>>> print(open('target_15.pdb').read())   # PDB, C-alpha atoms
ATOM      1  CA  MET A  71      18.999  68.091  -5.114
ATOM      2  CA  PRO A  72      19.480  65.626  -8.008
ATOM      3  CA  SER A  73      18.109  62.152  -7.359
ATOM      4  CA  LEU A  74      20.000  58.868  -7.494
ATOM      5  CA  ILE A  75      19.550  56.402 -10.349
ATOM      6  CA  LEU A  76      20.400  52.725  -9.933
ATOM      7  CA  ALA A  77      21.709  51.584 -13.315
ATOM      8  CA  SER A  78      20.669  47.950 -12.995
ATOM      9  CA  ALA A  79      17.860  45.601 -13.903
ATOM     10  CA  SER A  80      18.797  43.303 -11.003
ATOM     11  CA  PRO A  81      15.967  42.900  -8.477
ATOM     12  CA  ARG A  82      18.583  41.840  -5.937
ATOM     13  CA  ARG A  83      20.478  45.141  -6.219
ATOM     14  CA  ARG A  84      17.218  47.055  -6.006
ATOM     15  CA  GLU A  85      16.249  45.188  -2.821
ATOM     16  CA  LEU A  86      19.657  45.762  -1.262
ATOM     17  CA  LEU A  87      19.755  49.485  -2.082
ATOM     18  CA  SER A  88      16.236  49.803  -0.650
ATOM     19  CA  GLN A  89      17.704  48.923   2.749
ATOM     20  CA  LEU A  90      19.513  52.267   2.832
ATOM     21  CA  GLU A  91      17.760  55.516   3.695
ATOM     22  CA  ILE A  92      18.037  56.841   0.182
ATOM     23  CA  ALA A  93      15.610  57.793  -2.542
ATOM     24  CA  PHE A  94      16.374  56.238  -5.914
ATOM     25  CA  ASP A  95      14.902  55.309  -9.265
ATOM     26  CA  VAL A  96      15.844  52.328 -11.424
ATOM     27  CA  VAL A  97      16.992  52.638 -15.044
ATOM     28  CA  PRO A  98      18.376  49.374 -16.448
ATOM     29  CA  SER A  99      21.553  49.548 -18.491
ATOM     30  CA  GLU A 100      21.967  47.641 -21.753
ATOM     31  CA  VAL A 101      25.745  47.239 -21.745
ATOM     32  CA  PRO A 102      27.260  43.961 -23.023
ATOM     33  CA  GLU A 103      28.961  41.998 -20.246
ATOM     34  CA  THR A 104      31.697  40.264 -22.238
ATOM     35  CA  PRO A 105      35.360  40.285 -21.172
ATOM     36  CA  LEU A 106      37.883  41.680 -23.617
ATOM     37  CA  VAL A 107      40.762  39.479 -24.743
ATOM     38  CA  GLY A 108      43.308  39.330 -21.937
ATOM     39  CA  GLU A 109      41.137  41.343 -19.540
ATOM     40  CA  ASP A 110      41.356  40.153 -15.944
ATOM     41  CA  ALA A 111      38.394  40.001 -13.574
ATOM     42  CA  ASP A 112      39.134  43.221 -11.708
ATOM     43  CA  ALA A 113      39.560  45.263 -14.884
ATOM     44  CA  PHE A 114      36.501  43.652 -16.468
ATOM     45  CA  ALA A 115      34.172  44.350 -13.530
ATOM     46  CA  ALA A 116      35.416  47.943 -13.226
ATOM     47  CA  ARG A 117      35.000  48.606 -16.949
ATOM     48  CA  VAL A 118      31.500  47.149 -17.155
ATOM     49  CA  ALA A 119      30.315  49.028 -14.064
ATOM     50  CA  ARG A 120      31.694  52.267 -15.526
ATOM     51  CA  GLU A 121      30.055  51.643 -18.917
ATOM     52  CA  LYS A 122      26.716  50.852 -17.264
ATOM     53  CA  ALA A 123      26.855  54.104 -15.311
ATOM     54  CA  GLN A 124      27.831  56.150 -18.370
ATOM     55  CA  HIS A 125      25.080  54.562 -20.486
ATOM     56  CA  VAL A 126      22.384  55.532 -17.993
ATOM     57  CA  ALA A 127      23.913  58.946 -17.235
ATOM     58  CA  ALA A 128      23.549  59.817 -20.926
ATOM     59  CA  GLN A 129      19.799  59.116 -20.628
ATOM     60  CA  ARG A 130      19.330  60.914 -17.312
ATOM     61  CA  PRO A 131      21.631  63.976 -17.287
ATOM     62  CA  GLY A 132      21.836  65.989 -14.102
ATOM     63  CA  GLU A 133      21.333  63.031 -11.776
ATOM     64  CA  TRP A 134      23.588  60.825  -9.695
ATOM     65  CA  VAL A 135      24.079  57.341 -11.177
ATOM     66  CA  LEU A 136      25.142  54.231  -9.272
ATOM     67  CA  ALA A 137      26.167  51.125 -11.200
ATOM     68  CA  ALA A 138      27.713  47.801 -10.242
ATOM     69  CA  ASP A 139      29.011  44.649 -11.855
ATOM     70  CA  THR A 140      29.534  41.339 -10.050
ATOM     71  CA  VAL A 141      31.712  38.480 -11.267
ATOM     72  CA  VAL A 142      32.651  35.083  -9.902
ATOM     73  CA  VAL A 143      36.315  34.180 -10.278
ATOM     74  CA  ILE A 144      37.988  30.776  -9.959
ATOM     75  CA  ASP A 145      41.394  29.727 -11.287
ATOM     76  CA  HIS A 146      41.708  33.295 -12.705
ATOM     77  CA  ALA A 147      38.682  32.550 -14.930
ATOM     78  CA  ILE A 148      35.598  34.787 -14.961
ATOM     79  CA  LEU A 149      32.299  32.964 -14.527
ATOM     80  CA  GLY A 150      29.517  35.191 -15.799
ATOM     81  CA  LYS A 151      25.864  34.308 -16.280
ATOM     82  CA  PRO A 152      25.531  30.854 -17.860
ATOM     83  CA  VAL A 153      24.406  30.731 -21.481
ATOM     84  CA  ASP A 154      22.488  27.473 -21.069
ATOM     85  CA  ARG A 155      21.938  24.475 -18.793
ATOM     86  CA  SER A 156      25.158  22.776 -19.816
ATOM     87  CA  ASP A 157      27.158  25.915 -19.075
ATOM     88  CA  ALA A 158      25.497  26.306 -15.664
ATOM     89  CA  ARG A 159      26.159  22.649 -14.848
ATOM     90  CA  GLY A 160      29.820  23.074 -15.718
ATOM     91  CA  MET A 161      30.137  26.149 -13.514
ATOM     92  CA  LEU A 162      28.572  24.455 -10.500
ATOM     93  CA  ARG A 163      30.772  21.394 -10.919
ATOM     94  CA  ARG A 164      33.808  23.647 -11.104
ATOM     95  CA  LEU A 165      32.819  25.440  -7.882
ATOM     96  CA  SER A 166      32.017  22.207  -6.018
ATOM     97  CA  GLY A 167      34.284  21.551  -3.050
ATOM     98  CA  ARG A 168      36.371  24.677  -3.653
ATOM     99  CA  ALA A 169      36.731  28.320  -2.723
ATOM    100  CA  HIS A 170      36.138  31.107  -5.249
ATOM    101  CA  ARG A 171      36.118  34.893  -5.236
ATOM    102  CA  VAL A 172      33.085  37.110  -5.787
ATOM    103  CA  LEU A 173      34.076  40.572  -6.954
ATOM    104  CA  THR A 174      31.766  43.573  -7.278
ATOM    105  CA  ALA A 175      32.886  46.850  -8.812
ATOM    106  CA  VAL A 176      30.748  49.889  -7.934
ATOM    107  CA  VAL A 177      30.810  53.225  -9.756
ATOM    108  CA  LEU A 178      29.139  56.477  -8.742
ATOM    109  CA  LEU A 179      28.821  59.247 -11.332
ATOM    110  CA  GLY A 180      27.983  62.824 -10.389
ATOM    111  CA  PRO A 181      25.196  64.964 -11.887
ATOM    112  CA  ASP A 182      27.630  66.326 -14.477
ATOM    113  CA  GLY A 183      28.328  62.778 -15.694
ATOM    114  CA  GLY A 184      31.866  62.814 -14.321
ATOM    115  CA  MET A 185      33.369  60.004 -12.290
ATOM    116  CA  VAL A 186      32.981  60.722  -8.602
ATOM    117  CA  THR A 187      34.374  57.520  -7.195
ATOM    118  CA  ASP A 188      34.604  53.789  -7.661
ATOM    119  CA  VAL A 189      35.269  50.870  -5.357
ATOM    120  CA  ALA A 190      35.810  47.130  -5.683
ATOM    121  CA  VAL A 191      34.890  44.601  -3.003
ATOM    122  CA  ALA A 192      35.945  40.945  -2.960
ATOM    123  CA  THR A 193      34.443  38.117  -0.907
ATOM    124  CA  THR A 194      35.670  34.525  -0.650
ATOM    125  CA  VAL A 195      32.963  31.855  -0.873
ATOM    126  CA  ARG A 196      33.606  28.163  -0.283
ATOM    127  CA  PHE A 197      31.307  25.454  -1.631
ATOM    128  CA  ARG A 198      30.937  22.056  -0.066
ATOM    129  CA  VAL A 199      31.179  19.077  -2.403
ATOM    130  CA  VAL A 200      27.959  19.110  -4.445
ATOM    131  CA  ARG A 201      26.532  15.902  -5.924
ATOM    132  CA  ASP A 202      25.444  15.782  -9.561
ATOM    133  CA  ASP A 203      21.838  15.030  -8.587
ATOM    134  CA  GLU A 204      21.814  18.152  -6.404
ATOM    135  CA  ILE A 205      23.110  20.207  -9.305
ATOM    136  CA  GLU A 206      20.410  18.848 -11.625
ATOM    137  CA  ALA A 207      17.684  19.563  -9.065
ATOM    138  CA  TYR A 208      18.983  23.114  -8.652
ATOM    139  CA  LEU A 209      19.089  23.649 -12.407
ATOM    140  CA  ASP A 210      15.463  22.515 -12.565
ATOM    141  CA  THR A 211      14.479  25.482 -10.376
ATOM    142  CA  GLY A 212      15.676  27.925 -13.066
ATOM    143  CA  GLU A 213      17.433  30.070 -10.466
ATOM    144  CA  PRO A 214      21.026  29.729 -11.770
ATOM    145  CA  PHE A 215      20.470  31.155 -15.237
ATOM    146  CA  ASP A 216      20.534  34.900 -14.511
ATOM    147  CA  LYS A 217      23.312  34.825 -11.937
ATOM    148  CA  ALA A 218      27.078  35.067 -12.216
ATOM    149  CA  GLY A 219      28.614  31.717 -11.375
ATOM    150  CA  ALA A 220      25.215  30.031 -11.812
ATOM    151  CA  TYR A 221      24.089  30.351  -8.203
ATOM    152  CA  GLY A 222      22.267  32.702  -5.869
ATOM    153  CA  VAL A 223      23.638  32.777  -2.320
ATOM    154  CA  GLN A 224      20.380  34.339  -1.116
ATOM    155  CA  GLY A 225      18.279  31.589  -2.723
ATOM    156  CA  GLY A 226      18.540  27.872  -3.378
ATOM    157  CA  GLY A 227      22.271  28.154  -3.970
ATOM    158  CA  ALA A 228      22.735  28.764  -0.235
ATOM    159  CA  ARG A 229      22.580  25.004   0.342
ATOM    160  CA  PHE A 230      25.934  24.622  -1.425
ATOM    161  CA  VAL A 231      27.766  27.312   0.538
ATOM    162  CA  GLU A 232      30.075  26.146   3.299
ATOM    163  CA  SER A 233      31.452  29.553   4.283
ATOM    164  CA  VAL A 234      31.521  33.231   3.313
ATOM    165  CA  GLU A 235      34.547  35.362   4.206
ATOM    166  CA  GLY A 236      33.788  39.040   3.789
ATOM    167  CA  SER A 237      30.713  40.963   2.687
ATOM    168  CA  TYR A 238      27.620  38.775   2.254
ATOM    169  CA  SER A 239      25.682  41.511   0.446
ATOM    170  CA  ASN A 240      28.561  41.715  -2.029
ATOM    171  CA  VAL A 241      27.891  38.098  -3.018
ATOM    172  CA  VAL A 242      24.227  38.962  -3.517
ATOM    173  CA  GLY A 243      25.256  41.788  -5.845
ATOM    174  CA  LEU A 244      25.887  45.051  -3.975
ATOM    175  CA  PRO A 245      28.330  45.650  -1.068
ATOM    176  CA  LEU A 246      26.058  47.665   1.193
ATOM    177  CA  ASP A 247      28.627  49.034   3.639
ATOM    178  CA  GLU A 248      30.723  50.488   0.841
ATOM    179  CA  VAL A 249      27.686  51.852  -1.031
ATOM    180  CA  ARG A 250      26.372  53.448   2.154
ATOM    181  CA  GLU A 251      29.733  55.115   2.682
ATOM    182  CA  LEU A 252      29.807  56.415  -0.911
ATOM    183  CA  CYS A 253      26.311  57.840  -0.669
ATOM    184  CA  GLU A 254      26.899  59.360   2.756
ATOM    185  CA  ARG A 255      30.127  60.988   1.583
ATOM    186  CA  HIS A 256      28.259  62.747  -1.216
ATOM    187  CA  GLY A 257      25.164  63.709   0.762
ATOM    188  CA  LEU A 258      22.821  61.237  -0.905
ATOM    189  CA  LEU A 259      21.405  59.593   2.204
ATOM    190  CA  ASN A 260      17.982  60.774   3.316
ATOM    191  CA  VAL A 261      17.513  62.746   0.084
ATOM    192  CA  GLY A 262      13.887  63.826   0.248
ATOM    193  CA  GLY A 263      13.170  61.122   2.810
ATOM    194  CA  MET A 264      12.334  57.550   1.977
ATOM    195  CA  ARG A 265      10.205  56.814  -1.045
ATOM    196  CA  PRO A 266       9.610  53.649  -3.019
ATOM    197  CA  ALA A 267      12.006  52.875  -5.847
ATOM    198  CA  THR A 268      10.386  53.121  -9.267
TER
END
>>> encode(input="target_15.pdb", output="C-alpha coordinates")
Amino acid sequence: MPSLILASASPRRRELLSQLEIAFDVVPSEVPETPLVGEDADAFAARVAREKAQHVAAQRPGEWVLAADTVVVIDHAILGKPVDRSDARGMLRRLSGRAHRVLTAVVLLGPDGGMVTDVAVATTVRFRVVRDDEIEAYLDTGEPFDKAGAYGVQGGGARFVESVEGSYSNVVGLPLDEVRELCERHGLLNVGGMRPAT
(Lines of atoms letter the chains of each structure in order from A and count residues from 1; the text may use other names and numbers.)
(Lines give C-alpha, C1' and ligand atoms only; values in the text may rest on other atoms or scores of the structure.)
Protein backbone atom coordinates (compact mmCIF):
# COMPACT_ATOMS: atom_id res chain seq x y z
CA MET A 1 0.00 0.00 0.00
CA PRO A 2 1.50 3.39 -0.97
CA SER A 3 2.17 5.71 1.95
CA LEU A 4 0.83 9.22 2.45
CA ILE A 5 3.02 12.29 2.02
CA LEU A 6 2.13 15.60 3.66
CA ALA A 7 3.30 18.29 1.25
CA SER A 8 3.93 20.98 3.85
CA ALA A 9 6.68 22.45 5.96
CA SER A 10 4.12 23.65 8.53
CA PRO A 11 4.68 22.13 11.98
CA ARG A 12 1.05 22.93 12.76
CA ARG A 13 -0.25 20.80 9.88
CA ARG A 14 2.11 18.00 10.87
CA GLU A 15 0.82 18.10 14.46
CA LEU A 16 -2.80 18.12 13.34
CA LEU A 17 -2.38 15.23 10.88
CA SER A 18 -0.59 13.27 13.62
CA GLN A 19 -3.89 13.22 15.52
CA LEU A 20 -5.36 10.88 12.91
CA GLU A 21 -4.59 7.17 12.84
CA ILE A 22 -2.57 7.44 9.68
CA ALA A 23 1.04 6.86 8.72
CA PHE A 24 2.62 9.73 6.82
CA ASP A 25 5.91 11.32 5.86
CA VAL A 26 6.59 15.03 5.38
CA VAL A 27 8.03 16.50 2.17
CA PRO A 28 7.89 20.31 2.10
CA SER A 29 6.76 21.96 -1.11
CA GLU A 30 8.54 24.99 -2.57
CA VAL A 31 5.64 26.56 -4.45
CA PRO A 32 5.32 30.37 -4.51
CA GLU A 33 2.25 31.58 -2.61
CA THR A 34 1.44 34.72 -4.59
CA PRO A 35 -2.05 35.49 -5.91
CA LEU A 36 -2.43 36.03 -9.63
CA VAL A 37 -3.91 39.29 -10.88
CA GLY A 38 -7.66 39.19 -10.34
CA GLU A 39 -7.54 35.83 -8.54
CA ASP A 40 -10.00 35.57 -5.67
CA ALA A 41 -9.25 33.85 -2.37
CA ASP A 42 -11.04 30.59 -3.14
CA ALA A 43 -9.35 30.16 -6.51
CA PHE A 44 -5.97 31.16 -5.08
CA ALA A 45 -6.07 28.69 -2.17
CA ALA A 46 -7.25 25.86 -4.45
CA ARG A 47 -4.55 26.56 -7.04
CA VAL A 48 -1.72 26.77 -4.52
CA ALA A 49 -2.80 23.58 -2.73
CA ARG A 50 -2.95 21.78 -6.08
CA GLU A 51 0.49 23.07 -7.13
CA LYS A 52 2.00 22.05 -3.79
CA ALA A 53 0.61 18.53 -4.18
CA GLN A 54 1.81 18.23 -7.79
CA HIS A 55 5.29 19.52 -6.89
CA VAL A 56 5.75 16.86 -4.22
CA ALA A 57 4.07 14.11 -6.26
CA ALA A 58 6.70 14.63 -8.96
CA GLN A 59 9.40 13.91 -6.34
CA ARG A 60 7.62 10.94 -4.76
CA PRO A 61 5.81 9.03 -7.54
CA GLY A 62 3.60 6.14 -6.53
CA GLU A 63 2.52 7.66 -3.22
CA TRP A 64 -0.53 9.52 -1.98
CA VAL A 65 0.07 13.26 -1.50
CA LEU A 66 -1.94 15.58 0.73
CA ALA A 67 -1.47 19.34 0.43
CA ALA A 68 -3.24 22.36 1.87
CA ASP A 69 -3.18 26.12 1.65
CA THR A 70 -4.71 28.48 4.21
CA VAL A 71 -5.58 32.12 3.62
CA VAL A 72 -7.15 34.86 5.71
CA VAL A 73 -9.72 36.97 3.88
CA ILE A 74 -11.18 40.35 4.87
CA ASP A 75 -12.94 42.86 2.62
CA HIS A 76 -12.30 40.41 -0.28
CA ALA A 77 -8.54 40.91 0.28
CA ILE A 78 -6.17 37.99 0.85
CA LEU A 79 -3.90 38.33 3.87
CA GLY A 80 -0.97 35.98 3.44
CA LYS A 81 2.15 35.74 5.58
CA PRO A 82 3.45 39.22 6.43
CA VAL A 83 6.63 40.33 4.69
CA ASP A 84 7.87 42.38 7.65
CA ARG A 85 6.85 43.94 10.97
CA SER A 86 5.05 46.85 9.36
CA ASP A 87 3.01 44.49 7.18
CA ALA A 88 2.10 42.32 10.18
CA ARG A 89 1.10 45.40 12.19
CA GLY A 90 -1.16 46.55 9.37
CA MET A 91 -2.84 43.15 9.13
CA LEU A 92 -3.55 42.98 12.86
CA ARG A 93 -4.95 46.50 12.89
CA ARG A 94 -7.18 45.60 9.96
CA LEU A 95 -8.50 42.51 11.77
CA SER A 96 -9.05 44.35 15.07
CA GLY A 97 -12.69 44.53 16.13
CA ARG A 98 -13.93 42.72 13.01
CA ALA A 99 -14.83 39.33 11.62
CA HIS A 100 -12.78 37.68 8.87
CA ARG A 101 -12.80 34.38 7.00
CA VAL A 102 -10.14 31.69 7.21
CA LEU A 103 -10.18 29.45 4.15
CA THR A 104 -8.22 26.22 3.72
CA ALA A 105 -8.12 24.32 0.44
CA VAL A 106 -7.07 20.66 0.70
CA VAL A 107 -5.98 18.48 -2.22
CA LEU A 108 -5.37 14.73 -2.24
CA LEU A 109 -3.49 13.21 -5.17
CA GLY A 110 -3.48 9.48 -5.86
CA PRO A 111 -0.39 7.28 -6.39
CA ASP A 112 -0.61 7.87 -10.14
CA GLY A 113 -0.34 11.64 -9.58
CA GLY A 114 -3.94 12.23 -10.63
CA MET A 115 -6.37 14.39 -8.70
CA VAL A 116 -8.44 12.25 -6.38
CA THR A 117 -10.39 14.94 -4.62
CA ASP A 118 -10.24 18.43 -3.20
CA VAL A 119 -12.20 20.30 -0.57
CA ALA A 120 -12.38 23.84 0.78
CA VAL A 121 -13.37 24.72 4.34
CA ALA A 122 -14.18 28.22 5.60
CA THR A 123 -14.32 29.41 9.22
CA THR A 124 -15.39 32.82 10.50
CA VAL A 125 -13.15 34.34 13.18
CA ARG A 126 -13.99 37.53 15.06
CA PHE A 127 -11.34 39.64 16.77
CA ARG A 128 -12.03 41.88 19.72
CA VAL A 129 -10.70 45.42 19.51
CA VAL A 130 -6.92 45.12 19.91
CA ARG A 131 -4.85 48.00 21.30
CA ASP A 132 -1.68 49.12 19.53
CA ASP A 133 0.47 48.24 22.55
CA GLU A 134 -0.94 44.70 22.47
CA ILE A 135 -0.09 44.43 18.79
CA GLU A 136 3.48 45.61 19.41
CA ALA A 137 3.93 43.14 22.27
CA TYR A 138 2.64 40.33 20.06
CA LEU A 139 4.96 41.32 17.22
CA ASP A 140 7.85 41.18 19.69
CA THR A 141 7.18 37.46 20.21
CA GLY A 142 7.96 36.75 16.54
CA GLU A 143 4.93 34.48 16.24
CA PRO A 144 3.01 36.43 13.55
CA PHE A 145 5.65 36.33 10.83
CA ASP A 146 5.11 32.83 9.41
CA LYS A 147 1.32 32.82 9.64
CA ALA A 148 -1.39 33.94 7.25
CA GLY A 149 -3.08 37.02 8.63
CA ALA A 150 -0.18 37.55 11.06
CA TYR A 151 -1.63 35.54 13.93
CA GLY A 152 -1.74 32.03 15.33
CA VAL A 153 -5.07 31.07 16.90
CA GLN A 154 -3.35 28.20 18.73
CA GLY A 155 -0.69 30.51 20.19
CA GLY A 156 -0.44 34.06 21.46
CA GLY A 157 -2.93 35.25 18.86
CA ALA A 158 -5.68 33.46 20.79
CA ARG A 159 -5.90 36.45 23.14
CA PHE A 160 -7.34 38.54 20.30
CA VAL A 161 -10.03 36.06 19.25
CA GLU A 162 -13.56 36.78 20.40
CA SER A 163 -15.28 33.90 18.60
CA VAL A 164 -14.74 31.10 16.08
CA GLU A 165 -17.65 29.90 13.95
CA GLY A 166 -16.83 26.62 12.26
CA SER A 167 -13.78 24.37 12.26
CA TYR A 168 -11.11 25.43 14.77
CA SER A 169 -8.48 23.11 13.27
CA ASN A 170 -9.11 24.80 9.92
CA VAL A 171 -7.93 28.10 11.43
CA VAL A 172 -4.81 26.35 12.69
CA GLY A 173 -4.13 25.11 9.16
CA LEU A 174 -5.84 21.78 8.44
CA PRO A 175 -9.58 20.95 8.73
CA LEU A 176 -9.30 17.61 10.49
CA ASP A 177 -12.85 16.34 10.03
CA GLU A 178 -12.68 16.81 6.27
CA VAL A 179 -9.16 15.35 6.02
CA ARG A 180 -10.20 12.34 8.08
CA GLU A 181 -13.13 11.79 5.75
CA LEU A 182 -10.90 12.04 2.66
CA CYS A 183 -8.38 9.58 4.04
CA GLU A 184 -11.04 7.16 5.25
CA ARG A 185 -12.78 7.24 1.87
CA HIS A 186 -9.56 6.16 0.15
CA GLY A 187 -8.46 3.58 2.70
CA LEU A 188 -5.58 5.59 4.12
CA LEU A 189 -6.47 5.38 7.80
CA ASN A 190 -4.56 2.83 9.84
CA VAL A 191 -2.15 2.19 6.96
CA GLY A 192 0.52 0.01 8.53
CA GLY A 193 -0.55 1.15 11.99
CA MET A 194 0.66 4.29 13.67
CA ARG A 195 4.23 5.38 13.20
CA PRO A 196 5.98 8.68 13.78
CA ALA A 197 5.96 11.20 10.96
CA THR A 198 9.39 11.75 9.44
>>> resolve_selection(input="target_15.pdb", expression="the PyMOL selection byres ((chain A and resi 218-231) around 9)", output="number ranges by chain")
A: 140-143, 148-152, 157-159, 161-162, 165-166, 172, 195-200, 208-209, 211, 213-217, 232-234, 238, 241-242
>>> closest_residue(input="target_15.pdb", among="A:Thr104, A:Ser88, A:Ser80, A:Thr194", to="His170 of chain A", atoms="all atoms listed in the file")
A:Thr194
>>> atom_distance(input="target_15.pdb", atom1="atom CA of Ala77 of chain A", atom2="atom CA of Gly257 of chain A")
18.9 Å
>>> axis_aligned_box(input="target_15.pdb", around="segment 186-189 of chain A", padding_each_side="3 Å", output="JSON")
{"center_x": 34.1, "center_y": 55.8, "center_z": -7.0, "size_x": 8.3, "size_y": 15.9, "size_z": 9.2}
>>> resolve_selection(input="target_15.pdb", expression="the PyMOL selection byres ((chain A and resi 181-186) around 8)", output="PDB file with C-alpha atoms, in the coordinates of the input")
ATOM      1  CA  PRO A  72      19.480  65.626  -8.008  1.00  0.00           C
ATOM      2  CA  GLN A 124      27.831  56.150 -18.370  1.00  0.00           C
ATOM      3  CA  ALA A 127      23.913  58.946 -17.235  1.00  0.00           C
ATOM      4  CA  ALA A 128      23.549  59.817 -20.926  1.00  0.00           C
ATOM      5  CA  PRO A 131      21.631  63.976 -17.287  1.00  0.00           C
ATOM      6  CA  GLY A 132      21.836  65.989 -14.102  1.00  0.00           C
ATOM      7  CA  GLU A 133      21.333  63.031 -11.776  1.00  0.00           C
ATOM      8  CA  TRP A 134      23.588  60.825  -9.695  1.00  0.00           C
ATOM      9  CA  VAL A 135      24.079  57.341 -11.177  1.00  0.00           C
ATOM     10  CA  VAL A 177      30.810  53.225  -9.756  1.00  0.00           C
ATOM     11  CA  LEU A 178      29.139  56.477  -8.742  1.00  0.00           C
ATOM     12  CA  LEU A 179      28.821  59.247 -11.332  1.00  0.00           C
ATOM     13  CA  GLY A 180      27.983  62.824 -10.389  1.00  0.00           C
ATOM     14  CA  THR A 187      34.374  57.520  -7.195  1.00  0.00           C
ATOM     15  CA  ASP A 188      34.604  53.789  -7.661  1.00  0.00           C
TER      16      ASP A 188
END
>>> atom_distance(input="target_15.pdb", atom1="atom CA of Ser78 of chain A", atom2="atom CA of Ser239 of chain A")
15.7 Å
>>> closest_residue(input="target_15.pdb", among="A:Leu74, A:Cys253, A:Ala111, A:Ala119", to="Val97 of chain A", atoms="all atoms listed in the file")
A:Leu74
>>> closest_residue(input="target_15.pdb", among="A:Thr193, A:Gln89, A:Ser156, A:Ser99", to="Gln129 of chain A", atoms="all atoms listed in the file")
A:Ser99
>>> build_atoms(input="target_15.pdb", residues="segment 99-132 of chain A", atoms="N, CA and C atoms", output="JSON list (two decimals), keeping the file's coordinate frame")
[["chain", "number", "residue", "atom", "x", "y", "z"],
["A", 99, "SER", "N", 20.54, 49.27, -17.49],
["A", 99, "SER", "CA", 21.55, 49.55, -18.49],
["A", 99, "SER", "C", 21.63, 48.39, -19.47],
["A", 100, "GLU", "N", 21.90, 48.68, -20.73],
["A", 100, "GLU", "CA", 21.97, 47.64, -21.75],
["A", 100, "GLU", "C", 23.40, 47.53, -22.29],
["A", 101, "VAL", "N", 24.33, 47.35, -21.38],
["A", 101, "VAL", "CA", 25.74, 47.24, -21.74],
["A", 101, "VAL", "C", 26.14, 45.77, -21.84],
["A", 102, "PRO", "N", 26.80, 45.35, -22.91],
["A", 102, "PRO", "CA", 27.26, 43.96, -23.02],
["A", 102, "PRO", "C", 28.24, 43.62, -21.90],
["A", 103, "GLU", "N", 28.09, 42.42, -21.35],
["A", 103, "GLU", "CA", 28.96, 42.00, -20.25],
["A", 103, "GLU", "C", 29.88, 40.88, -20.73],
["A", 104, "THR", "N", 30.77, 41.23, -21.66],
["A", 104, "THR", "CA", 31.70, 40.26, -22.24],
["A", 104, "THR", "C", 33.13, 40.73, -22.02],
["A", 105, "PRO", "N", 33.97, 39.89, -21.39],
["A", 105, "PRO", "CA", 35.36, 40.28, -21.17],
["A", 105, "PRO", "C", 36.11, 40.49, -22.48],
["A", 106, "LEU", "N", 37.01, 41.47, -22.48],
["A", 106, "LEU", "CA", 37.88, 41.68, -23.62],
["A", 106, "LEU", "C", 39.01, 40.65, -23.57],
["A", 107, "VAL", "N", 39.65, 40.43, -24.69],
["A", 107, "VAL", "CA", 40.76, 39.48, -24.74],
["A", 107, "VAL", "C", 41.86, 39.93, -23.78],
["A", 108, "GLY", "N", 42.24, 39.03, -22.88],
["A", 108, "GLY", "CA", 43.31, 39.33, -21.94],
["A", 108, "GLY", "C", 42.90, 40.16, -20.75],
["A", 109, "GLU", "N", 41.62, 40.49, -20.64],
["A", 109, "GLU", "CA", 41.14, 41.34, -19.54],
["A", 109, "GLU", "C", 40.93, 40.51, -18.28],
["A", 110, "ASP", "N", 41.55, 40.92, -17.17],
["A", 110, "ASP", "CA", 41.36, 40.15, -15.94],
["A", 110, "ASP", "C", 40.05, 40.56, -15.26],
["A", 111, "ALA", "N", 39.70, 39.82, -14.21],
["A", 111, "ALA", "CA", 38.39, 40.00, -13.57],
["A", 111, "ALA", "C", 38.22, 41.40, -12.99],
["A", 112, "ASP", "N", 39.25, 41.91, -12.34],
["A", 112, "ASP", "CA", 39.13, 43.22, -11.71],
["A", 112, "ASP", "C", 38.92, 44.31, -12.75],
["A", 113, "ALA", "N", 39.70, 44.26, -13.82],
["A", 113, "ALA", "CA", 39.56, 45.26, -14.88],
["A", 113, "ALA", "C", 38.22, 45.13, -15.59],
["A", 114, "PHE", "N", 37.78, 43.90, -15.80],
["A", 114, "PHE", "CA", 36.50, 43.65, -16.47],
["A", 114, "PHE", "C", 35.34, 44.21, -15.66],
["A", 115, "ALA", "N", 35.28, 43.88, -14.37],
["A", 115, "ALA", "CA", 34.17, 44.35, -13.53],
["A", 115, "ALA", "C", 34.16, 45.87, -13.45],
["A", 116, "ALA", "N", 35.34, 46.48, -13.30],
["A", 116, "ALA", "CA", 35.42, 47.94, -13.23],
["A", 116, "ALA", "C", 34.96, 48.59, -14.52],
["A", 117, "ARG", "N", 35.38, 48.02, -15.65],
["A", 117, "ARG", "CA", 35.00, 48.61, -16.95],
["A", 117, "ARG", "C", 33.49, 48.50, -17.18],
["A", 118, "VAL", "N", 32.93, 47.34, -16.91],
["A", 118, "VAL", "CA", 31.50, 47.15, -17.16],
["A", 118, "VAL", "C", 30.66, 48.04, -16.24],
["A", 119, "ALA", "N", 31.05, 48.15, -14.98],
["A", 119, "ALA", "CA", 30.32, 49.03, -14.06],
["A", 119, "ALA", "C", 30.36, 50.47, -14.56],
["A", 120, "ARG", "N", 31.53, 50.90, -15.01],
["A", 120, "ARG", "CA", 31.69, 52.27, -15.53],
["A", 120, "ARG", "C", 30.84, 52.49, -16.77],
["A", 121, "GLU", "N", 30.85, 51.51, -17.69],
["A", 121, "GLU", "CA", 30.06, 51.64, -18.92],
["A", 121, "GLU", "C", 28.56, 51.65, -18.63],
["A", 122, "LYS", "N", 28.13, 50.84, -17.66],
["A", 122, "LYS", "CA", 26.72, 50.85, -17.26],
["A", 122, "LYS", "C", 26.32, 52.24, -16.76],
["A", 123, "ALA", "N", 27.16, 52.79, -15.88],
["A", 123, "ALA", "CA", 26.86, 54.10, -15.31],
["A", 123, "ALA", "C", 26.81, 55.17, -16.40],
["A", 124, "GLN", "N", 27.77, 55.15, -17.30],
["A", 124, "GLN", "CA", 27.83, 56.15, -18.37],
["A", 124, "GLN", "C", 26.64, 56.02, -19.32],
["A", 125, "HIS", "N", 26.22, 54.79, -19.59],
["A", 125, "HIS", "CA", 25.08, 54.56, -20.49],
["A", 125, "HIS", "C", 23.81, 55.19, -19.91],
["A", 126, "VAL", "N", 23.59, 54.99, -18.63],
["A", 126, "VAL", "CA", 22.38, 55.53, -17.99],
["A", 126, "VAL", "C", 22.51, 57.03, -17.77],
["A", 127, "ALA", "N", 23.72, 57.51, -17.44],
["A", 127, "ALA", "CA", 23.91, 58.95, -17.24],
["A", 127, "ALA", "C", 23.59, 59.73, -18.50],
["A", 128, "ALA", "N", 23.86, 59.14, -19.66],
["A", 128, "ALA", "CA", 23.55, 59.82, -20.93],
["A", 128, "ALA", "C", 22.04, 59.97, -21.11],
["A", 129, "GLN", "N", 21.26, 59.05, -20.53],
["A", 129, "GLN", "CA", 19.80, 59.12, -20.63],
["A", 129, "GLN", "C", 19.19, 60.03, -19.57],
["A", 130, "ARG", "N", 19.88, 60.14, -18.43],
["A", 130, "ARG", "CA", 19.33, 60.91, -17.31],
["A", 130, "ARG", "C", 20.35, 61.96, -16.83],
["A", 131, "PRO", "N", 20.66, 62.96, -17.67],
["A", 131, "PRO", "CA", 21.63, 63.98, -17.29],
["A", 131, "PRO", "C", 21.17, 64.75, -16.06],
["A", 132, "GLY", "N", 22.14, 65.18, -15.27],
["A", 132, "GLY", "CA", 21.84, 65.99, -14.10],
["A", 132, "GLY", "C", 21.49, 65.19, -12.87]]
